[in-house]
file model.cif (mmCIF, C-alpha atoms)
data_entry
loop_
_atom_site.label_atom_id
_atom_site.label_comp_id
_atom_site.auth_asym_id
_atom_site.auth_seq_id
_atom_site.Cartn_x
_atom_site.Cartn_y
_atom_site.Cartn_z
CA MET U 253 5.80 214.26 -52.95
CA GLU U 254 4.16 216.33 -50.26
CA THR U 255 2.98 213.08 -48.78
CA SER U 256 6.49 211.88 -48.11
CA LEU U 257 7.39 215.20 -46.62
CA GLN U 258 4.39 215.70 -44.45
CA ASP U 259 3.82 212.16 -43.34
CA SER U 260 7.29 211.69 -41.99
CA ALA U 261 7.57 210.41 -38.47
CA PRO U 262 7.62 213.33 -36.09
CA GLN U 263 10.73 214.06 -34.13
CA ALA U 264 10.72 212.87 -30.57
CA ALA U 265 9.26 215.57 -28.38
CA THR U 266 12.11 215.50 -25.95
CA GLU U 267 15.61 214.34 -26.65
CA PRO U 268 18.50 214.18 -24.25
CA LEU U 269 21.03 216.93 -24.79
CA ASP U 270 23.95 214.78 -23.83
CA LEU U 271 26.66 214.13 -26.39
CA GLU U 272 26.85 210.40 -25.94
CA ALA U 273 23.10 210.03 -25.95
CA LEU U 274 22.87 212.19 -29.06
CA TYR U 275 25.56 210.10 -30.66
CA HIS U 276 23.82 206.81 -29.98
CA ARG U 277 20.50 208.18 -31.14
CA HIS U 278 21.66 209.94 -34.28
CA ALA U 279 24.92 208.32 -35.37
CA ASP U 280 23.15 206.30 -38.06
CA PHE U 281 21.43 209.40 -39.37
CA VAL U 282 24.65 211.41 -39.47
CA TRP U 283 26.58 208.54 -41.04
CA ARG U 284 23.96 208.03 -43.75
CA CYS U 285 23.76 211.74 -44.48
CA LEU U 286 27.52 212.03 -44.82
CA ARG U 287 27.62 208.99 -47.05
CA ARG U 288 24.84 210.20 -49.29
CA LEU U 289 26.37 213.68 -49.41
CA GLY U 290 29.46 212.22 -51.02
CA VAL U 291 31.90 211.50 -48.19
CA ARG U 292 33.81 208.43 -49.25
CA ASP U 293 34.11 205.32 -47.14
CA ALA U 294 37.70 205.92 -46.14
CA ASN U 295 36.75 209.27 -44.60
CA LEU U 296 33.41 208.41 -43.04
CA ASP U 297 34.66 207.67 -39.54
CA ASP U 298 36.56 210.94 -39.40
CA ALA U 299 33.62 212.85 -40.80
CA VAL U 300 31.21 211.43 -38.24
CA GLN U 301 33.66 212.33 -35.52
CA GLU U 302 33.97 215.86 -36.83
CA VAL U 303 30.21 216.30 -36.83
CA PHE U 304 29.96 215.21 -33.22
CA LEU U 305 32.94 217.31 -32.22
CA VAL U 306 31.01 220.32 -33.49
CA VAL U 307 27.98 219.02 -31.62
CA HIS U 308 30.09 218.77 -28.49
CA ARG U 309 31.24 222.37 -28.82
CA ARG U 310 27.82 223.71 -29.75
CA LEU U 311 25.60 221.69 -27.48
CA GLY U 312 24.71 224.81 -25.53
CA ASP U 313 23.35 226.42 -28.68
CA LEU U 314 20.73 223.74 -29.17
CA HIS U 315 17.70 225.21 -27.51
CA ALA U 316 15.06 223.33 -29.49
CA PRO U 317 15.63 219.61 -29.08
CA GLU U 318 12.88 218.84 -31.56
CA GLY U 319 15.05 220.38 -34.26
CA VAL U 320 18.09 218.28 -33.51
CA ARG U 321 18.10 216.42 -36.82
CA SER U 322 17.93 219.66 -38.81
CA TRP U 323 20.78 220.98 -36.71
CA LEU U 324 22.82 217.83 -37.15
CA PHE U 325 22.25 217.84 -40.87
CA ALA U 326 23.38 221.44 -41.17
CA ILE U 327 26.63 220.47 -39.47
CA ALA U 328 26.99 217.29 -41.53
CA PHE U 329 26.36 219.23 -44.73
CA ASN U 330 29.31 221.53 -44.02
CA VAL U 331 31.55 218.67 -42.95
CA ALA U 332 30.67 216.68 -46.08
CA ARG U 333 31.35 219.66 -48.31
CA ASP U 334 34.75 220.16 -46.71
CA HIS U 335 35.61 216.50 -47.11
CA ARG U 336 34.64 216.50 -50.75
CA ARG U 337 36.76 219.57 -51.39
CA ALA U 338 39.70 218.03 -49.58
CA ALA U 339 39.30 214.81 -51.55
CA GLN U 340 39.18 216.75 -54.80
CA ARG U 341 42.34 218.63 -53.88
CA LYS U 342 44.08 215.35 -53.14
CA GLY U 343 42.67 213.62 -56.20
CA LEU U 344 40.83 211.10 -54.05
CA ALA U 345 37.33 211.81 -55.23
CA GLU U 346 36.91 208.34 -56.70
CA PRO U 347 35.19 205.80 -54.49
CA LEU U 348 37.11 202.93 -53.01
CA PRO U 349 37.04 199.64 -54.88
CA GLU U 350 34.01 197.61 -54.00
CA THR U 351 36.18 194.80 -52.70
CA LEU U 352 37.17 196.97 -49.77
CA ARG U 353 33.63 197.39 -48.56
CA ASP U 354 32.13 195.20 -45.87
CA PRO U 355 30.43 192.16 -47.34
CA LEU U 356 26.84 191.38 -46.42
CA PRO U 357 25.90 187.89 -45.17
CA ASP U 358 24.13 186.74 -48.33
CA PRO U 359 26.46 187.08 -51.32
CA SER U 360 23.70 187.57 -53.86
CA GLN U 361 21.88 190.04 -51.66
CA ALA U 362 25.16 191.76 -50.91
CA LEU U 363 25.95 192.11 -54.58
CA SER U 364 22.53 193.45 -55.41
CA GLN U 365 22.54 195.92 -52.54
CA ARG U 366 26.04 197.11 -53.30
CA GLU U 367 25.09 197.68 -56.88
CA ASP U 368 22.01 199.61 -55.85
CA LEU U 369 23.95 201.79 -53.46
CA ARG U 370 26.68 202.38 -55.96
CA LEU U 371 24.13 203.41 -58.55
CA LEU U 372 22.39 205.62 -56.00
CA ASP U 373 25.61 207.38 -55.07
CA ALA U 374 26.60 207.82 -58.69
CA ALA U 375 23.21 209.38 -59.42
CA LEU U 376 23.45 211.61 -56.35
CA ASP U 377 26.87 212.76 -57.50
CA THR U 378 25.22 214.32 -60.53
CA LEU U 379 23.03 216.59 -58.39
CA ASP U 380 24.21 219.97 -57.24
CA ASP U 381 24.63 220.41 -53.49
CA PRO U 382 21.35 222.21 -52.72
CA ARG U 383 19.21 219.70 -54.65
CA ARG U 384 21.19 216.78 -53.31
CA ALA U 385 20.65 217.92 -49.75
CA VAL U 386 16.90 218.25 -50.19
CA PHE U 387 16.69 214.92 -51.98
CA VAL U 388 18.64 213.06 -49.29
CA LEU U 389 16.68 214.60 -46.46
CA THR U 390 13.33 213.97 -48.09
CA GLU U 391 13.70 210.63 -49.79
CA ILE U 392 16.17 208.86 -47.57
CA GLU U 393 15.91 210.49 -44.18
CA GLN U 394 12.26 211.46 -44.54
CA LEU U 395 12.51 214.73 -42.74
CA THR U 396 9.54 217.04 -42.94
CA ALA U 397 9.62 220.04 -45.23
CA PRO U 398 9.84 222.50 -42.31
CA GLU U 399 12.73 220.52 -40.86
CA ILE U 400 14.51 220.65 -44.19
CA ALA U 401 13.82 224.34 -44.57
CA SER U 402 15.29 224.88 -41.12
CA ALA U 403 18.33 222.72 -41.80
CA LEU U 404 19.14 224.47 -45.06
CA GLY U 405 18.02 227.96 -44.11
CA VAL U 406 15.57 228.26 -46.98
CA ASN U 407 11.82 228.71 -47.21
CA LEU U 408 9.30 225.95 -47.80
CA ASN U 409 8.67 226.82 -51.42
CA THR U 410 12.37 226.51 -52.11
CA VAL U 411 12.38 223.08 -50.52
CA TYR U 412 9.53 221.90 -52.74
CA SER U 413 11.05 223.46 -55.81
CA ARG U 414 14.44 221.90 -55.20
CA LEU U 415 12.89 218.54 -54.48
CA ARG U 416 10.95 218.58 -57.74
CA LEU U 417 14.09 219.41 -59.69
CA ALA U 418 16.20 216.95 -57.71
CA ARG U 419 13.79 214.11 -58.42
CA ALA U 420 13.86 214.86 -62.11
CA ASP U 421 17.67 215.07 -62.11
CA PHE U 422 17.91 211.85 -60.13
CA GLU U 423 15.56 209.94 -62.43
CA ARG U 424 17.47 211.07 -65.49
CA ALA U 425 20.78 210.12 -63.90
CA VAL U 426 19.55 206.67 -62.89
CA ALA U 427 18.19 206.02 -66.37
CA ARG U 428 21.45 207.16 -67.94
CA LEU U 429 23.54 205.02 -65.58
CA ARG U 430 21.30 202.00 -66.17
CA ARG U 431 21.84 202.30 -69.90
CA ARG U 432 25.60 202.25 -69.36
CA THR U 433 25.47 199.17 -67.15
CA PRO U 434 25.87 195.96 -69.18
CA MET Z 1066 4.63 216.80 -57.56
CA THR Z 1067 6.01 213.82 -59.44
CA GLU Z 1068 6.74 210.77 -57.33
CA LEU Z 1069 9.85 208.72 -57.85
CA SER Z 1070 9.68 205.79 -60.24
CA PRO Z 1071 9.68 202.32 -58.66
CA ASP Z 1072 13.28 201.82 -59.73
CA ALA Z 1073 14.45 205.04 -58.13
CA ARG Z 1074 12.32 204.33 -55.09
CA ARG Z 1075 14.03 200.98 -54.64
CA LEU Z 1076 17.40 202.68 -54.61
CA VAL Z 1077 16.50 205.17 -51.93
CA ASP Z 1078 14.81 202.45 -49.90
CA ALA Z 1079 18.04 200.49 -49.95
CA ALA Z 1080 19.91 203.53 -48.68
CA ARG Z 1081 17.41 204.02 -45.89
CA GLN Z 1082 18.21 200.57 -44.52
CA GLU Z 1083 21.88 201.34 -44.10
CA ARG Z 1084 23.23 201.53 -40.58
CA LEU Z 1085 26.54 202.53 -39.15
CA PRO Z 1086 28.35 199.21 -38.53
CA LEU Z 1087 28.61 198.36 -34.85
CA ASP Z 1088 32.38 198.16 -34.78
CA ALA Z 1089 32.65 201.53 -36.48
CA ARG Z 1090 30.09 202.97 -34.07
CA GLU Z 1091 32.22 202.07 -31.07
CA ARG Z 1092 35.44 203.04 -32.78
CA ILE Z 1093 34.13 206.47 -33.69
CA LEU Z 1094 32.80 207.08 -30.20
CA GLU Z 1095 36.10 206.15 -28.62
CA GLY Z 1096 37.95 208.38 -31.06
CA LEU Z 1097 35.52 211.17 -30.32
CA LYS Z 1098 36.14 210.92 -26.60
CA THR Z 1099 39.87 210.91 -27.20
CA ARG Z 1100 39.73 213.97 -29.41
CA ILE Z 1101 37.58 215.83 -26.92
CA ALA Z 1102 40.04 214.99 -24.17
CA GLN Z 1103 42.94 216.15 -26.31
CA GLY Z 1104 41.39 219.45 -27.30
CA PRO Z 1105 41.36 221.00 -30.78
CA PRO Z 1106 43.71 219.55 -33.38
CA PRO Z 1107 46.72 221.53 -34.59
CA PRO Z 1108 46.12 223.56 -37.73
CA THR Z 1109 47.10 222.24 -41.13
CA PRO Z 1110 48.47 224.34 -43.99
CA ARG Z 1111 45.22 224.15 -45.91
CA GLY Z 1112 41.77 223.37 -44.60
CA PRO Z 1113 38.08 223.99 -44.93
CA LEU Z 1114 38.32 227.45 -43.47
CA ALA Z 1115 40.52 228.46 -46.35
CA ALA Z 1116 37.28 229.06 -48.20
CA LEU Z 1117 36.66 232.10 -46.04
CA LYS Z 1118 37.06 235.18 -48.13
CA VAL Z 1119 39.14 237.38 -45.90
CA PRO Z 1120 41.60 238.78 -48.44
CA LEU Z 1121 44.72 237.88 -46.54
CA GLY Z 1122 46.73 237.37 -49.69
CA LEU Z 1123 46.01 240.92 -50.71
CA VAL Z 1124 46.66 242.11 -47.20
CA SER Z 1125 49.98 240.31 -47.10
CA ALA Z 1126 51.04 241.71 -50.46
CA ALA Z 1127 50.21 245.23 -49.38
CA LEU Z 1128 52.01 244.73 -46.10
CA VAL Z 1129 55.10 243.44 -47.82
CA VAL Z 1130 55.15 246.58 -49.95
CA ALA Z 1131 54.48 248.76 -46.93
CA GLY Z 1132 57.17 246.99 -44.95
CA VAL Z 1133 59.72 247.46 -47.70
CA VAL Z 1134 58.79 251.12 -47.97
CA ALA Z 1135 59.17 251.55 -44.23
CA LEU Z 1136 62.56 249.88 -44.26
CA ARG Z 1137 63.74 252.01 -47.13
CA ALA Z 1138 62.50 255.23 -45.57
CA PRO Z 1139 65.25 257.32 -43.95
CA ARG Z 1140 65.11 257.28 -40.18
CA ASP Z 1141 64.99 260.51 -38.24
CA ASN Z 1142 67.81 260.12 -35.73
CA THR Z 1143 66.40 262.83 -33.52
CA HIS Z 1144 63.62 260.48 -32.55
CA PRO Z 1145 64.86 257.57 -30.46
CA GLN Z 1146 61.44 255.97 -30.93
CA PRO Z 1147 60.46 256.12 -34.58
CA PRO Z 1148 56.93 257.38 -35.06
CA SER Z 1149 54.15 254.95 -35.50
CA VAL Z 1150 52.85 255.13 -39.00
CA HIS Z 1151 49.21 254.75 -39.75
CA VAL Z 1152 48.90 252.90 -43.00
CA PRO Z 1153 46.08 251.20 -44.80
CA THR Z 1154 46.47 247.46 -44.54
CA THR Z 1155 45.24 247.05 -48.08
CA THR Z 1156 44.53 249.42 -50.89
CA HIS Z 1157 40.82 249.24 -50.19
CA MET Z 1158 41.36 250.13 -46.55
CA ALA Z 1159 41.81 253.69 -47.71
CA SER Z 1160 38.07 254.09 -47.36
CA SER Z 1161 38.30 253.61 -43.62
CA PRO Z 1162 37.65 256.84 -41.71
CA SER Z 1163 40.44 255.99 -39.32
CA VAL Z 1164 42.81 256.06 -42.22
CA VAL Z 1165 41.34 259.01 -44.02
CA ALA Z 1166 41.66 261.10 -40.89
CA LEU Z 1167 45.42 260.93 -41.07
CA PRO Z 1168 47.77 261.73 -43.92
CA THR Z 1169 49.14 258.44 -45.04
CA PRO Z 1170 51.62 257.40 -47.64
CA PRO Z 1171 50.24 255.77 -50.75
CA PRO Z 1172 50.07 252.03 -50.39
CA ALA Z 1173 52.57 251.26 -53.12
CA PRO Z 1174 54.71 254.23 -54.13
CA ALA Z 1175 57.04 253.81 -57.07
CA GLY Z 1176 60.12 255.04 -55.26
CA PRO Z 1177 61.49 255.51 -51.78
CA ALA Z 1178 59.10 257.36 -49.53
CA ARG Z 1179 59.90 259.59 -46.63
CA VAL Z 1180 57.74 259.26 -43.60
CA GLU Z 1181 56.99 262.64 -42.09
CA ALA Z 1182 56.90 262.12 -38.38
CA PRO Z 1183 54.67 265.03 -37.28
CA ALA Z 1184 52.06 264.30 -39.89
CA THR Z 1185 51.90 260.61 -39.21
CA ARG Z 1186 52.24 260.44 -35.46
CA VAL Z 1187 49.37 258.73 -33.80
CA THR Z 1188 48.57 259.43 -30.20
CA ALA Z 1189 47.51 256.27 -28.51
CA PRO Z 1190 43.97 256.70 -27.19
CA ALA Z 1191 43.12 255.55 -23.73
CA SER Z 1192 39.91 253.63 -24.30
CA GLY Z 1193 39.90 250.10 -25.64
CA ALA Z 1194 37.52 250.84 -28.47
CA SER Z 1195 39.49 253.84 -29.58
CA GLU Z 1196 42.66 251.86 -29.32
CA ALA Z 1197 41.19 249.42 -31.72
CA ARG Z 1198 40.65 252.22 -34.25
CA ALA Z 1199 44.33 252.85 -34.50
CA PRO Z 1200 45.88 250.00 -36.41
CA ARG Z 1201 49.45 250.88 -36.96
CA LEU Z 1202 52.49 249.61 -38.73
CA ARG Z 1203 54.93 248.43 -36.13
CA GLU Z 1204 58.46 249.57 -35.92
CA ASP Z 1205 59.43 246.20 -37.24
CA PRO Z 1206 57.45 245.44 -40.38
CA VAL Z 1207 58.21 241.79 -39.83
CA GLY Z 1208 55.82 241.98 -36.91
CA VAL Z 1209 53.04 242.95 -39.26
CA LEU Z 1210 53.95 240.14 -41.56
CA GLU Z 1211 53.75 237.83 -38.56
CA GLU Z 1212 50.23 239.08 -38.02
CA ALA Z 1213 49.36 238.23 -41.60
CA ALA Z 1214 50.99 234.83 -41.30
CA LEU Z 1215 49.09 234.08 -38.12
CA LEU Z 1216 45.80 235.08 -39.71
CA ARG Z 1217 46.59 232.99 -42.74
CA ARG Z 1218 47.13 230.01 -40.48
CA ALA Z 1219 43.87 230.74 -38.71
CA ARG Z 1220 42.05 230.94 -42.01
CA SER Z 1221 43.44 227.63 -43.23
CA ALA Z 1222 43.06 225.73 -39.96
CA SER Z 1223 41.53 222.32 -40.29
CA SER Z 1224 38.70 223.09 -37.92
CA GLY Z 1225 36.73 225.97 -36.56
CA ALA Z 1226 38.08 225.33 -33.09
CA GLY Z 1227 41.62 225.39 -34.38
CA SER Z 1228 40.95 228.63 -36.19
CA LEU Z 1229 39.42 230.24 -33.13
CA ALA Z 1230 42.33 229.13 -30.97
CA LEU Z 1231 44.73 230.80 -33.38
CA LEU Z 1232 42.60 233.92 -33.41
CA ASP Z 1233 42.65 233.96 -29.62
CA GLY Z 1234 46.41 233.79 -29.88
CA TYR Z 1235 46.39 236.63 -32.36
CA ASP Z 1236 44.34 238.84 -30.04
CA ARG Z 1237 46.68 238.12 -27.14
CA ARG Z 1238 49.80 238.70 -29.16
CA PHE Z 1239 48.60 241.67 -31.18
CA PRO Z 1240 46.04 243.49 -29.03
CA ARG Z 1241 46.40 246.53 -31.28
CA GLY Z 1242 47.36 244.73 -34.42
CA ALA Z 1243 47.32 246.38 -37.81
CA LEU Z 1244 45.12 243.56 -39.07
CA GLN Z 1245 42.73 243.59 -36.16
CA ALA Z 1246 39.69 244.32 -38.30
CA GLU Z 1247 40.53 241.44 -40.62
CA ALA Z 1248 41.14 239.16 -37.65
CA TRP Z 1249 37.81 240.01 -36.10
CA LEU Z 1250 36.02 239.61 -39.43
CA LEU Z 1251 37.61 236.18 -39.81
CA ARG Z 1252 36.43 235.32 -36.31
CA VAL Z 1253 32.90 236.38 -37.21
CA ARG Z 1254 32.92 234.15 -40.27
CA VAL Z 1255 34.31 231.18 -38.37
CA LEU Z 1256 31.69 231.62 -35.67
CA CYS Z 1257 29.01 231.69 -38.35
CA MET Z 1258 30.37 228.50 -39.86
CA GLU Z 1259 30.42 226.98 -36.42
CA HIS Z 1260 26.76 227.85 -35.91
CA ARG Z 1261 27.48 230.27 -33.08
CA PRO Z 1262 25.44 233.25 -34.23
CA SER Z 1263 25.18 234.99 -30.88
CA GLU Z 1264 28.96 235.15 -30.52
CA ALA Z 1265 29.28 236.11 -34.18
CA ARG Z 1266 26.92 239.03 -33.57
CA ARG Z 1267 28.92 240.14 -30.56
CA TRP Z 1268 32.17 240.14 -32.52
CA GLY Z 1269 30.42 241.72 -35.47
CA GLN Z 1270 29.39 244.58 -33.20
CA ARG Z 1271 32.99 244.98 -32.11
CA VAL Z 1272 34.08 245.28 -35.72
CA LEU Z 1273 31.39 247.85 -36.44
CA GLN Z 1274 32.24 249.88 -33.36
CA ALA Z 1275 36.01 249.74 -33.60
CA HIS Z 1276 36.37 249.91 -37.37
CA PRO Z 1277 33.31 251.74 -38.69
CA GLY Z 1278 33.26 252.25 -42.41
CA SER Z 1279 36.08 249.80 -42.97
CA PRO Z 1280 35.85 247.03 -45.55
CA ALA Z 1281 35.72 244.60 -42.66
CA ALA Z 1282 32.71 246.41 -41.25
CA THR Z 1283 31.05 246.27 -44.65
CA ALA Z 1284 31.83 242.58 -44.95
CA VAL Z 1285 30.37 241.87 -41.52
CA GLY Z 1286 27.02 242.94 -42.96
CA ALA Z 1287 27.05 239.90 -45.21
CA THR Z 1288 27.62 237.40 -42.41
CA CYS Z 1289 25.31 235.73 -39.94
CA ALA Z 1290 26.31 238.43 -37.46
CA VAL Z 1291 23.85 240.72 -39.21
CA THR Z 1292 21.81 238.66 -41.62
CA PRO Z 1293 19.94 235.68 -40.19
#
call {"tool": "encode", "arguments": {"input": "model.cif", "output": "structure tokens"}}
result
Amino acid sequence: METSLQDSAPQAATEPLDLEALYHRHADFVWRCLRRLGVRDANLDDAVQEVFLVVHRRLGDLHAPEGVRSWLFAIAFNVARDHRRAAQRKGLAEPLPETLRDPLPDPSQALSQREDLRLLDAALDTLDDPRRAVFVLTEIEQLTAPEIASALGVNLNTVYSRLRLARADFERAVARLRRRTP
Amino acid sequence: MTELSPDARRLVDAARQERLPLDARERILEGLKTRIAQGPPPPTPRGPLAALKVPLGLVSAALVVAGVVALRAPRDNTHPQPPSVHVPTTTHMASSPSVVALPTPPPAPAGPARVEAPATRVTAPASGASEARAPRLREDPVGVLEEAALLRRARSASSGAGSLALLDGYDRRFPRGALQAEAWLLRVRVLCMEHRPSEARRWGQRVLQAHPGSPAATAVGATCAVTP
């Protein structure tokens, strides 16, 4: 596990502190984080916008460009949490029907990938927020442990501890969901 | 530490390949530019900031009681300008030195209460900081309820910017508001949520200086204005 944390690609040494440049560079990262943190498809566009609106307002606070992904994730984490709460209040926590999602070019590949992602999201939904955040950042976004510690405001040991527990939770959830799938 | 199983690894690998669709990328960017040009959105009745734990409900309830008491209190016709009454904004505000220093009516008396003008008169201090220590019930209790309503809107705004805009409006409209400490505490918490710790610290200092010993000052200690 430490391998995946420590061998992650280092952040670019210098990044432009311009909103549009930040958007083009990190929109995929923010979008994936929001998605994996439980923001549903119908709300993703708005959520991405909200993250970058905060970025726009707080750009002057970003004094360490090498920590931009940690900073972005911290913002995305709060935005995702708010969206989930709003969805729960409105009774919209269920995902959209699969038929509403964008199809991929190859139908069989599309089906397989959609199933994988649906299973992934269902398993992630079983994790609590702190473990989910560490799992997403480590396994999907491949941030380093110090970056994750910075993003979440916790120490390194907590990151490793949460990751260990998150992996175990995730494996159990995947196995349970696989058993339910015909 | 245990690695993921191949099955689980395949799932996360699939997620790693996902990209924001190009059409959505452009659409979001255009929307972002539009929203920036338009400024902060109007507040909604309920929003993410509602999670902030400034006890406005309790404040409002206490103010309603206080307002009713003030309305029911007999007016002294010899005073064209009724005396300002220094009251705790909530029951727990009684611990504030600025309140303890003055005789105040109980927050929720069982019957009609008479307000003794000489004992409750507050001389307006000259300095800004001292002014801030003198929250007072206005002649019109509805004004205090308006303060509470405005703060409630700020707390339930749909965005931090919206909340801060409402709080700016509160400060302009109620520069010596009875709920100033709560308003500033709310601002500190919003600034923390907005990842603006330096500003949060500055406002936290204002709370500590203007309302020392108040519940708001105590609560500031649990925010990013004091703790990293």
call {"tool": "closest_residue", "arguments": {"input": "model.cif", "among": "Z:Arg1238, Z:Arg1271, Z:His1276, Z:Arg1261", "to": "Ile327 of chain U", "atoms": "only C-alpha atoms"}}
result
Z:Arg1261
call {"tool": "closest_atom_pairs", "arguments": {"input": "model.cif", "of": "chain Z", "to": "chain U", "cutoff": "8 Å", "atoms": "all atoms listed in the file", "output": "Markdown table"}}
result
| residue | atom | partner | partner_atom | distance |
| --- | --- | --- | --- | --- |
| Z:Met1066 | CA | U:Met253 | CA | 5.4 |
| Z:Thr1067 | CA | U:Met253 | CA | 6.5 |
| Z:Glu1068 | CA | U:Met253 | CA | 5.7 |
| Z:Leu1069 | CA | U:Arg419 | CA | 6.7 |
| Z:Ser1070 | CA | U:Glu423 | CA | 7.5 |
| Z:Ala1073 | CA | U:Glu423 | CA | 6.6 |
| Z:Leu1076 | CA | U:Asp368 | CA | 5.7 |
| Z:Val1077 | CA | U:Ile392 | CA | 5.7 |
| Z:Asp1078 | CA | U:Ile392 | CA | 7.0 |
| Z:Ala1079 | CA | U:Gln365 | CA | 6.9 |
| Z:Ala1080 | CA | U:Leu369 | CA | 6.5 |
| Z:Arg1081 | CA | U:Ile392 | CA | 5.3 |
| Z:Glu1083 | CA | U:Arg284 | CA | 7.0 |
| Z:Arg1084 | CA | U:Asp280 | CA | 5.4 |
| Z:Leu1085 | CA | U:Asp280 | CA | 5.2 |
| Z:Ala1089 | CA | U:Asp297 | CA | 7.1 |
| Z:Arg1090 | CA | U:Ala279 | CA | 7.6 |
| Z:Ile1093 | CA | U:Asp297 | CA | 6.0 |
| Z:Leu1094 | CA | U:Gln301 | CA | 7.5 |
| Z:Gly1096 | CA | U:Gln301 | CA | 7.3 |
| Z:Leu1097 | CA | U:Gln301 | CA | 5.6 |
| Z:Ile1101 | CA | U:Leu305 | CA | 7.2 |
| Z:Gly1112 | CA | U:Ala338 | CA | 7.6 |
| Z:Pro1113 | CA | U:Asp334 | CA | 5.4 |
| Z:Glu1259 | CA | U:Val306 | CA | 7.3 |
| Z:His1260 | CA | U:Arg310 | CA | 7.5 |
| Z:Arg1261 | CA | U:Asp313 | CA | 7.2 |
call {"tool": "atom_distance", "arguments": {"input": "model.cif", "atom1": "atom CA of Ala374 of chain U", "atom2": "atom CA of Asp1088 of chain Z"}}
result
26.4 Å
call {"tool": "atom_distance", "arguments": {"input": "model.cif", "atom1": "atom CA of Ala294 of chain U", "atom2": "atom CA of Arg1217 of chain Z"}}
result
28.7 Å
call {"tool": "atom_distance", "arguments": {"input": "model.cif", "atom1": "atom CA of Arg1266 of chain Z", "atom2": "atom CA of Ala1287 of chain Z"}}
result
11.7 Å
call {"tool": "closest_residue", "arguments": {"input": "model.cif", "among": "U:Arg277, U:Arg336, U:Arg321, U:Arg383", "to": "Ala403 of chain U", "atoms": "all atoms listed in the file"}}
result
U:Arg321
call {"tool": "resolve_selection", "arguments": {"input": "model.cif", "expression": "the PyMOL selection byres ((chain U and resi 399) around 12)", "output": "ChimeraX atom specification"}}
result
/U:257-258,260-263,316,318-326,386,389-390,393-398,400-408,411
call {"tool": "closest_residue", "arguments": {"input": "model.cif", "among": "U:Asp421, U:Ala339, U:Thr378, U:Arg414", "to": "Arg292 of chain U", "atoms": "all atoms listed in the file"}}
result
U:Ala339
call {"tool": "residues_around", "arguments": {"input": "model.cif", "residues": "Arg1237 of chain Z", "least_positions_apart": "5", "cutoff": "12 Å", "atoms": "all atoms listed in the file", "output": "ChimeraX atom specification"}}
result
/Z:1212,1215,1230-1232,1242,1245,1248
